[in-house]
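The data block below is coords-v5.pdb; it holds PDB, N, CA and C atoms.
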```pdb
ATOM      1  N   MET T   1     -48.783 116.157  61.501  1.00  0.00           N
ATOM      2  CA  MET T   1     -47.575 115.582  60.918  1.00  0.00           C
ATOM      3  C   MET T   1     -47.888 114.183  60.414  1.00  0.00           C
ATOM      4  N   SER T   2     -47.602 113.924  59.153  1.00  0.00           N
ATOM      5  CA  SER T   2     -47.881 112.600  58.615  1.00  0.00           C
ATOM      6  C   SER T   2     -46.754 111.631  58.985  1.00  0.00           C
ATOM      7  N   THR T   3     -47.139 110.395  59.189  1.00  0.00           N
ATOM      8  CA  THR T   3     -46.157 109.356  59.495  1.00  0.00           C
ATOM      9  C   THR T   3     -46.092 108.327  58.385  1.00  0.00           C
ATOM     10  N   PHE T   4     -46.694 108.683  57.243  1.00  0.00           N
ATOM     11  CA  PHE T   4     -46.624 107.785  56.101  1.00  0.00           C
ATOM     12  C   PHE T   4     -46.826 108.563  54.806  1.00  0.00           C
ATOM     13  N   THR T   5     -46.429 107.921  53.722  1.00  0.00           N
ATOM     14  CA  THR T   5     -46.528 108.500  52.395  1.00  0.00           C
ATOM     15  C   THR T   5     -47.355 107.571  51.522  1.00  0.00           C
ATOM     16  N   ILE T   6     -48.250 108.151  50.723  1.00  0.00           N
ATOM     17  CA  ILE T   6     -49.020 107.381  49.760  1.00  0.00           C
ATOM     18  C   ILE T   6     -48.490 107.718  48.371  1.00  0.00           C
ATOM     19  N   TYR T   7     -48.046 106.696  47.660  1.00  0.00           N
ATOM     20  CA  TYR T   7     -47.622 106.851  46.277  1.00  0.00           C
ATOM     21  C   TYR T   7     -48.837 106.581  45.402  1.00  0.00           C
ATOM     22  N   THR T   8     -49.157 107.535  44.521  1.00  0.00           N
ATOM     23  CA  THR T   8     -50.397 107.501  43.763  1.00  0.00           C
ATOM     24  C   THR T   8     -50.170 107.890  42.304  1.00  0.00           C
ATOM     25  N   THR T   9     -51.277 107.886  41.551  1.00  0.00           N
ATOM     26  CA  THR T   9     -51.372 108.541  40.251  1.00  0.00           C
ATOM     27  C   THR T   9     -52.687 109.313  40.263  1.00  0.00           C
ATOM     28  N   GLN T  10     -52.828 110.245  39.350  1.00  0.00           N
ATOM     29  CA  GLN T  10     -54.051 111.041  39.296  1.00  0.00           C
ATOM     30  C   GLN T  10     -55.255 110.237  38.817  1.00  0.00           C
ATOM     31  N   TRP T  11     -55.039 109.210  38.011  1.00  0.00           N
ATOM     32  CA  TRP T  11     -56.136 108.456  37.398  1.00  0.00           C
ATOM     33  C   TRP T  11     -56.565 107.229  38.197  1.00  0.00           C
ATOM     34  N   CYS T  12     -55.911 106.947  39.302  1.00  0.00           N
ATOM     35  CA  CYS T  12     -56.150 105.720  40.064  1.00  0.00           C
ATOM     36  C   CYS T  12     -57.373 105.842  40.990  1.00  0.00           C
ATOM     37  N   GLY T  13     -58.396 105.057  40.700  1.00  0.00           N
ATOM     38  CA  GLY T  13     -59.602 105.058  41.531  1.00  0.00           C
ATOM     39  C   GLY T  13     -59.353 104.537  42.932  1.00  0.00           C
ATOM     40  N   TYR T  14     -58.488 103.530  43.072  1.00  0.00           N
ATOM     41  CA  TYR T  14     -58.165 102.988  44.399  1.00  0.00           C
ATOM     42  C   TYR T  14     -57.447 104.038  45.239  1.00  0.00           C
ATOM     43  N   CYS T  15     -56.596 104.831  44.590  1.00  0.00           N
ATOM     44  CA  CYS T  15     -55.893 105.909  45.290  1.00  0.00           C
ATOM     45  C   CYS T  15     -56.897 106.944  45.795  1.00  0.00           C
ATOM     46  N   TYR T  16     -57.801 107.323  44.927  1.00  0.00           N
ATOM     47  CA  TYR T  16     -58.822 108.304  45.298  1.00  0.00           C
ATOM     48  C   TYR T  16     -59.649 107.806  46.481  1.00  0.00           C
ATOM     49  N   ARG T  17     -60.055 106.556  46.432  1.00  0.00           N
ATOM     50  CA  ARG T  17     -60.856 105.986  47.519  1.00  0.00           C
ATOM     51  C   ARG T  17     -60.087 105.997  48.841  1.00  0.00           C
ATOM     52  N   LEU T  18     -58.820 105.593  48.814  1.00  0.00           N
ATOM     53  CA  LEU T  18     -58.023 105.567  50.036  1.00  0.00           C
ATOM     54  C   LEU T  18     -57.807 106.979  50.578  1.00  0.00           C
ATOM     55  N   LYS T  19     -57.441 107.916  49.710  1.00  0.00           N
ATOM     56  CA  LYS T  19     -57.205 109.293  50.161  1.00  0.00           C
ATOM     57  C   LYS T  19     -58.474 109.915  50.727  1.00  0.00           C
ATOM     58  N   SER T  20     -59.600 109.665  50.088  1.00  0.00           N
ATOM     59  CA  SER T  20     -60.879 110.206  50.572  1.00  0.00           C
ATOM     60  C   SER T  20     -61.227 109.638  51.944  1.00  0.00           C
ATOM     61  N   GLY T  21     -61.052 108.346  52.096  1.00  0.00           N
ATOM     62  CA  GLY T  21     -61.353 107.703  53.376  1.00  0.00           C
ATOM     63  C   GLY T  21     -60.457 108.202  54.494  1.00  0.00           C
ATOM     64  N   LEU T  22     -59.178 108.351  54.202  1.00  0.00           N
ATOM     65  CA  LEU T  22     -58.243 108.864  55.216  1.00  0.00           C
ATOM     66  C   LEU T  22     -58.596 110.294  55.587  1.00  0.00           C
ATOM     67  N   SER T  23     -58.932 111.099  54.601  1.00  0.00           N
ATOM     68  CA  SER T  23     -59.313 112.490  54.876  1.00  0.00           C
ATOM     69  C   SER T  23     -60.566 112.551  55.735  1.00  0.00           C
ATOM     70  N   ARG T  24     -61.557 111.712  55.443  1.00  0.00           N
ATOM     71  CA  ARG T  24     -62.777 111.675  56.266  1.00  0.00           C
ATOM     72  C   ARG T  24     -62.480 111.313  57.709  1.00  0.00           C
ATOM     73  N   GLU T  25     -61.469 110.468  57.903  1.00  0.00           N
ATOM     74  CA  GLU T  25     -61.080 110.049  59.260  1.00  0.00           C
ATOM     75  C   GLU T  25     -60.134 111.048  59.924  1.00  0.00           C
ATOM     76  N   GLY T  26     -59.729 112.078  59.205  1.00  0.00           N
ATOM     77  CA  GLY T  26     -58.827 113.080  59.763  1.00  0.00           C
ATOM     78  C   GLY T  26     -57.390 112.607  59.868  1.00  0.00           C
ATOM     79  N   ILE T  27     -57.015 111.652  59.039  1.00  0.00           N
ATOM     80  CA  ILE T  27     -55.659 111.099  59.060  1.00  0.00           C
ATOM     81  C   ILE T  27     -54.819 111.812  58.005  1.00  0.00           C
ATOM     82  N   ALA T  28     -53.764 112.483  58.468  1.00  0.00           N
ATOM     83  CA  ALA T  28     -52.888 113.240  57.572  1.00  0.00           C
ATOM     84  C   ALA T  28     -51.896 112.309  56.893  1.00  0.00           C
ATOM     85  N   PHE T  29     -51.559 112.651  55.654  1.00  0.00           N
ATOM     86  CA  PHE T  29     -50.601 111.855  54.898  1.00  0.00           C
ATOM     87  C   PHE T  29     -49.888 112.737  53.886  1.00  0.00           C
ATOM     88  N   GLU T  30     -48.746 112.251  53.436  1.00  0.00           N
ATOM     89  CA  GLU T  30     -48.031 112.888  52.344  1.00  0.00           C
ATOM     90  C   GLU T  30     -48.359 112.091  51.086  1.00  0.00           C
ATOM     91  N   GLU T  31     -48.610 112.779  49.993  1.00  0.00           N
ATOM     92  CA  GLU T  31     -48.918 112.120  48.727  1.00  0.00           C
ATOM     93  C   GLU T  31     -47.855 112.446  47.693  1.00  0.00           C
ATOM     94  N   ILE T  32     -47.412 111.417  46.985  1.00  0.00           N
ATOM     95  CA  ILE T  32     -46.451 111.607  45.906  1.00  0.00           C
ATOM     96  C   ILE T  32     -46.990 110.903  44.670  1.00  0.00           C
ATOM     97  N   ASP T  33     -47.130 111.659  43.587  1.00  0.00           N
ATOM     98  CA  ASP T  33     -47.605 111.132  42.313  1.00  0.00           C
ATOM     99  C   ASP T  33     -46.410 110.532  41.573  1.00  0.00           C
ATOM    100  N   ILE T  34     -46.453 109.235  41.315  1.00  0.00           N
ATOM    101  CA  ILE T  34     -45.304 108.568  40.692  1.00  0.00           C
ATOM    102  C   ILE T  34     -45.131 108.945  39.225  1.00  0.00           C
ATOM    103  N   GLU T  35     -46.130 109.546  38.631  1.00  0.00           N
ATOM    104  CA  GLU T  35     -45.987 109.993  37.255  1.00  0.00           C
ATOM    105  C   GLU T  35     -45.356 111.376  37.164  1.00  0.00           C
ATOM    106  N   VAL T  36     -45.296 112.076  38.276  1.00  0.00           N
ATOM    107  CA  VAL T  36     -44.665 113.390  38.342  1.00  0.00           C
ATOM    108  C   VAL T  36     -43.244 113.271  38.885  1.00  0.00           C
ATOM    109  N   GLU T  37     -43.051 112.354  39.827  1.00  0.00           N
ATOM    110  CA  GLU T  37     -41.751 112.142  40.477  1.00  0.00           C
ATOM    111  C   GLU T  37     -41.159 110.807  40.023  1.00  0.00           C
ATOM    112  N   PRO T  38     -40.269 110.812  39.035  1.00  0.00           N
ATOM    113  CA  PRO T  38     -39.725 109.556  38.512  1.00  0.00           C
ATOM    114  C   PRO T  38     -39.050 108.682  39.572  1.00  0.00           C
ATOM    115  N   ASP T  39     -38.379 109.296  40.536  1.00  0.00           N
ATOM    116  CA  ASP T  39     -37.733 108.517  41.593  1.00  0.00           C
ATOM    117  C   ASP T  39     -38.763 107.772  42.433  1.00  0.00           C
ATOM    118  N   ALA T  40     -39.943 108.348  42.578  1.00  0.00           N
ATOM    119  CA  ALA T  40     -41.006 107.706  43.347  1.00  0.00           C
ATOM    120  C   ALA T  40     -41.479 106.430  42.657  1.00  0.00           C
ATOM    121  N   ALA T  41     -41.531 106.440  41.344  1.00  0.00           N
ATOM    122  CA  ALA T  41     -41.915 105.237  40.603  1.00  0.00           C
ATOM    123  C   ALA T  41     -40.924 104.108  40.874  1.00  0.00           C
ATOM    124  N   ASP T  42     -39.652 104.446  41.008  1.00  0.00           N
ATOM    125  CA  ASP T  42     -38.640 103.436  41.326  1.00  0.00           C
ATOM    126  C   ASP T  42     -38.876 102.833  42.703  1.00  0.00           C
ATOM    127  N   ILE T  43     -39.270 103.660  43.650  1.00  0.00           N
ATOM    128  CA  ILE T  43     -39.573 103.164  45.001  1.00  0.00           C
ATOM    129  C   ILE T  43     -40.738 102.184  44.938  1.00  0.00           C
ATOM    130  N   VAL T  44     -41.791 102.564  44.230  1.00  0.00           N
ATOM    131  CA  VAL T  44     -42.980 101.711  44.127  1.00  0.00           C
ATOM    132  C   VAL T  44     -42.647 100.387  43.450  1.00  0.00           C
ATOM    133  N   THR T  45     -41.890 100.424  42.373  1.00  0.00           N
ATOM    134  CA  THR T  45     -41.558  99.174  41.686  1.00  0.00           C
ATOM    135  C   THR T  45     -40.661  98.286  42.539  1.00  0.00           C
ATOM    136  N   SER T  46     -39.801  98.875  43.350  1.00  0.00           N
ATOM    137  CA  SER T  46     -38.947  98.053  44.217  1.00  0.00           C
ATOM    138  C   SER T  46     -39.765  97.372  45.311  1.00  0.00           C
ATOM    139  N   ILE T  47     -40.813  98.003  45.768  1.00  0.00           N
ATOM    140  CA  ILE T  47     -41.680  97.424  46.804  1.00  0.00           C
ATOM    141  C   ILE T  47     -42.588  96.344  46.227  1.00  0.00           C
ATOM    142  N   ASN T  48     -43.033  96.536  44.986  1.00  0.00           N
ATOM    143  CA  ASN T  48     -44.058  95.679  44.387  1.00  0.00           C
ATOM    144  C   ASN T  48     -43.521  94.753  43.293  1.00  0.00           C
ATOM    145  N   ASN T  49     -42.329  94.209  43.515  1.00  0.00           N
ATOM    146  CA  ASN T  49     -41.757  93.205  42.605  1.00  0.00           C
ATOM    147  C   ASN T  49     -41.732  93.653  41.148  1.00  0.00           C
ATOM    148  N   GLY T  50     -41.355  94.908  40.919  1.00  0.00           N
ATOM    149  CA  GLY T  50     -41.233  95.431  39.571  1.00  0.00           C
ATOM    150  C   GLY T  50     -42.496  96.055  39.002  1.00  0.00           C
ATOM    151  N   ASN T  51     -43.590  96.001  39.739  1.00  0.00           N
ATOM    152  CA  ASN T  51     -44.863  96.557  39.276  1.00  0.00           C
ATOM    153  C   ASN T  51     -45.082  97.967  39.820  1.00  0.00           C
ATOM    154  N   ARG T  52     -45.710  98.804  39.012  1.00  0.00           N
ATOM    155  CA  ARG T  52     -46.033 100.178  39.438  1.00  0.00           C
ATOM    156  C   ARG T  52     -47.446 100.187  40.025  1.00  0.00           C
ATOM    157  N   THR T  53     -47.638  99.455  41.092  1.00  0.00           N
ATOM    158  CA  THR T  53     -48.948  99.302  41.708  1.00  0.00           C
ATOM    159  C   THR T  53     -49.187 100.410  42.719  1.00  0.00           C
ATOM    160  N   VAL T  54     -50.296 101.115  42.536  1.00  0.00           N
ATOM    161  CA  VAL T  54     -50.677 102.174  43.460  1.00  0.00           C
ATOM    162  C   VAL T  54     -52.123 101.943  43.899  1.00  0.00           C
ATOM    163  N   PRO T  55     -52.507 102.395  45.082  1.00  0.00           N
ATOM    164  CA  PRO T  55     -51.676 103.117  46.029  1.00  0.00           C
ATOM    165  C   PRO T  55     -50.717 102.183  46.762  1.00  0.00           C
ATOM    166  N   THR T  56     -49.515 102.670  46.933  1.00  0.00           N
ATOM    167  CA  THR T  56     -48.535 102.011  47.787  1.00  0.00           C
ATOM    168  C   THR T  56     -48.278 102.963  48.940  1.00  0.00           C
ATOM    169  N   VAL T  57     -48.398 102.447  50.152  1.00  0.00           N
ATOM    170  CA  VAL T  57     -48.247 103.257  51.360  1.00  0.00           C
ATOM    171  C   VAL T  57     -46.957 102.825  52.054  1.00  0.00           C
ATOM    172  N   VAL T  58     -46.103 103.801  52.377  1.00  0.00           N
ATOM    173  CA  VAL T  58     -44.859 103.530  53.088  1.00  0.00           C
ATOM    174  C   VAL T  58     -44.907 104.272  54.417  1.00  0.00           C
ATOM    175  N   PHE T  59     -44.703 103.523  55.492  1.00  0.00           N
ATOM    176  CA  PHE T  59     -44.796 104.068  56.842  1.00  0.00           C
ATOM    177  C   PHE T  59     -43.436 104.514  57.356  1.00  0.00           C
ATOM    178  N   SER T  60     -43.449 105.245  58.459  1.00  0.00           N
ATOM    179  CA  SER T  60     -42.228 105.818  59.033  1.00  0.00           C
ATOM    180  C   SER T  60     -41.226 104.750  59.461  1.00  0.00           C
ATOM    181  N   ASP T  61     -41.687 103.528  59.719  1.00  0.00           N
ATOM    182  CA  ASP T  61     -40.768 102.454  60.109  1.00  0.00           C
ATOM    183  C   ASP T  61     -40.201 101.710  58.913  1.00  0.00           C
ATOM    184  N   GLY T  62     -40.542 102.164  57.684  1.00  0.00           N
ATOM    185  CA  GLY T  62     -40.016 101.552  56.477  1.00  0.00           C
ATOM    186  C   GLY T  62     -40.867 100.432  55.908  1.00  0.00           C
ATOM    187  N   THR T  63     -41.915 100.015  56.611  1.00  0.00           N
ATOM    188  CA  THR T  63     -42.793  98.980  56.091  1.00  0.00           C
ATOM    189  C   THR T  63     -43.740  99.582  55.063  1.00  0.00           C
ATOM    190  N   ALA T  64     -44.316  98.716  54.231  1.00  0.00           N
ATOM    191  CA  ALA T  64     -45.183  99.198  53.166  1.00  0.00           C
ATOM    192  C   ALA T  64     -46.412  98.307  53.034  1.00  0.00           C
ATOM    193  N   MET T  65     -47.484  98.887  52.482  1.00  0.00           N
ATOM    194  CA  MET T  65     -48.706  98.171  52.138  1.00  0.00           C
ATOM    195  C   MET T  65     -49.116  98.607  50.737  1.00  0.00           C
ATOM    196  N   THR T  66     -49.622  97.655  49.969  1.00  0.00           N
ATOM    197  CA  THR T  66     -50.113  97.955  48.636  1.00  0.00           C
ATOM    198  C   THR T  66     -51.629  97.835  48.630  1.00  0.00           C
ATOM    199  N   ASN T  67     -52.286  98.899  48.194  1.00  0.00           N
ATOM    200  CA  ASN T  67     -53.737  98.988  48.121  1.00  0.00           C
ATOM    201  C   ASN T  67     -54.426  98.600  49.440  1.00  0.00           C
ATOM    202  N   PRO T  68     -53.992  99.218  50.554  1.00  0.00           N
ATOM    203  CA  PRO T  68     -54.613  98.889  51.836  1.00  0.00           C
ATOM    204  C   PRO T  68     -55.954  99.597  52.017  1.00  0.00           C
ATOM    205  N   SER T  69     -56.714  99.111  52.969  1.00  0.00           N
ATOM    206  CA  SER T  69     -57.947  99.796  53.361  1.00  0.00           C
ATOM    207  C   SER T  69     -57.610 100.884  54.380  1.00  0.00           C
ATOM    208  N   VAL T  70     -58.561 101.761  54.615  1.00  0.00           N
ATOM    209  CA  VAL T  70     -58.389 102.783  55.644  1.00  0.00           C
ATOM    210  C   VAL T  70     -58.167 102.111  56.994  1.00  0.00           C
ATOM    211  N   GLN T  71     -58.897 101.050  57.257  1.00  0.00           N
ATOM    212  CA  GLN T  71     -58.761 100.334  58.527  1.00  0.00           C
ATOM    213  C   GLN T  71     -57.357  99.747  58.686  1.00  0.00           C
ATOM    214  N   GLN T  72     -56.798  99.203  57.621  1.00  0.00           N
ATOM    215  CA  GLN T  72     -55.429  98.654  57.703  1.00  0.00           C
ATOM    216  C   GLN T  72     -54.421  99.758  57.994  1.00  0.00           C
ATOM    217  N   VAL T  73     -54.564 100.894  57.345  1.00  0.00           N
ATOM    218  CA  VAL T  73     -53.665 102.012  57.585  1.00  0.00           C
ATOM    219  C   VAL T  73     -53.817 102.511  59.018  1.00  0.00           C
ATOM    220  N   SER T  74     -55.050 102.660  59.458  1.00  0.00           N
ATOM    221  CA  SER T  74     -55.321 103.139  60.817  1.00  0.00           C
ATOM    222  C   SER T  74     -54.738 102.191  61.864  1.00  0.00           C
ATOM    223  N   SER T  75     -54.888 100.900  61.652  1.00  0.00           N
ATOM    224  CA  SER T  75     -54.325  99.903  62.589  1.00  0.00           C
ATOM    225  C   SER T  75     -52.808  99.985  62.637  1.00  0.00           C
ATOM    226  N   LYS T  76     -52.196 100.134  61.479  1.00  0.00           N
ATOM    227  CA  LYS T  76     -50.734 100.249  61.436  1.00  0.00           C
ATOM    228  C   LYS T  76     -50.270 101.503  62.150  1.00  0.00           C
ATOM    229  N   LEU T  77     -50.966 102.614  61.940  1.00  0.00           N
ATOM    230  CA  LEU T  77     -50.596 103.865  62.623  1.00  0.00           C
ATOM    231  C   LEU T  77     -50.728 103.719  64.133  1.00  0.00           C
ATOM    232  N   ALA T  78     -51.775 103.030  64.579  1.00  0.00           N
ATOM    233  CA  ALA T  78     -51.946 102.796  66.020  1.00  0.00           C
ATOM    234  C   ALA T  78     -50.793 101.974  66.569  1.00  0.00           C
ATOM    235  N   ALA T  79     -50.351 100.987  65.811  1.00  0.00           N
ATOM    236  CA  ALA T  79     -49.234 100.138  66.253  1.00  0.00           C
ATOM    237  C   ALA T  79     -47.927 100.926  66.302  1.00  0.00           C
ATOM    238  N   LEU T  80     -47.784 101.924  65.434  1.00  0.00           N
ATOM    239  CA  LEU T  80     -46.569 102.728  65.411  1.00  0.00           C
ATOM    240  C   LEU T  80     -46.513 103.771  66.516  1.00  0.00           C
ATOM    241  N   SER T  81     -47.672 104.104  67.095  1.00  0.00           N
ATOM    242  CA  SER T  81     -47.661 105.167  68.110  1.00  0.00           C
ATOM    243  C   SER T  81     -47.507 104.642  69.514  1.00  0.00           C
TER     244      SER T  81
END
```

Mind turning the file's structure into structure tokens?
Amino acid sequence: MSTFTIYTTQWCGYCYRLKSGLSREGIAFEEIDIEVEPDAADIVTSINNGNRTVPTVVFSDGTAMTNPSVQQVSSKLAALS
């Protein structure tokens, strides 16, 4: 069960790197492509001061990180559990 969502695009190298790293660590996540889901783009822009910056990660507690490392995500998940 994922406890966070990654907002991405298909062409984003930073998104690919984060998703690959999380997968290697066995960390499950939900992914939403902001170019496919228009409402998701609105969420990302509201978090990032009007910018469509990806990857944007939103955790179960409502907090968010923009372009985090695998280690930052892992630390946040540990703090949430």

### Task
Would you translate the PyMOL selection byres ((chain T and resi 68) around 8) into the concrete set of residues it matches in this file, as a ChimeraX atom specification?
/T:14,18,54-57,65-67,69-73

### Task
Give me, please, the distance in Å between atom CA of T:Gly26 and atom CA of T:Ser81, quoted to one decimal.
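These atoms are spaced 16.0 Å apart.
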
### Evaluate the PyMOL selection byres ((chain T and resi 60) around 8) and report residues as a PyMOL selection string
chain T and resi 2-5+57-59+61-64

### Message
I want to know what sits within 12 Å of T:Ala41, based on only C-alpha atoms, with residues of the same chain fewer than 4 positions away left out; could you give that as a list of chain:residue names?
### Response
T:Ile6, T:Tyr7, T:Thr8, T:Thr9, T:Ile32, T:Asp33, T:Ile34, T:Glu35, T:Val36, T:Glu37, T:Thr45, T:Ser46, T:Ile47, T:Asn48, T:Gly50, T:Asn51, T:Arg52, T:Thr53, T:Val54, T:Pro55, T:Thr56

### Task
To one decimal in Å, tell me the separation between atom CA of T:Asp42 and atom CA of T:Arg24.
29.6 Å

### Task
Could you give me the residues within chain T that DSSP places in helix (DSSP H, G or I), as a ChimeraX atom specification?
/T:13-24,38-47,70-80
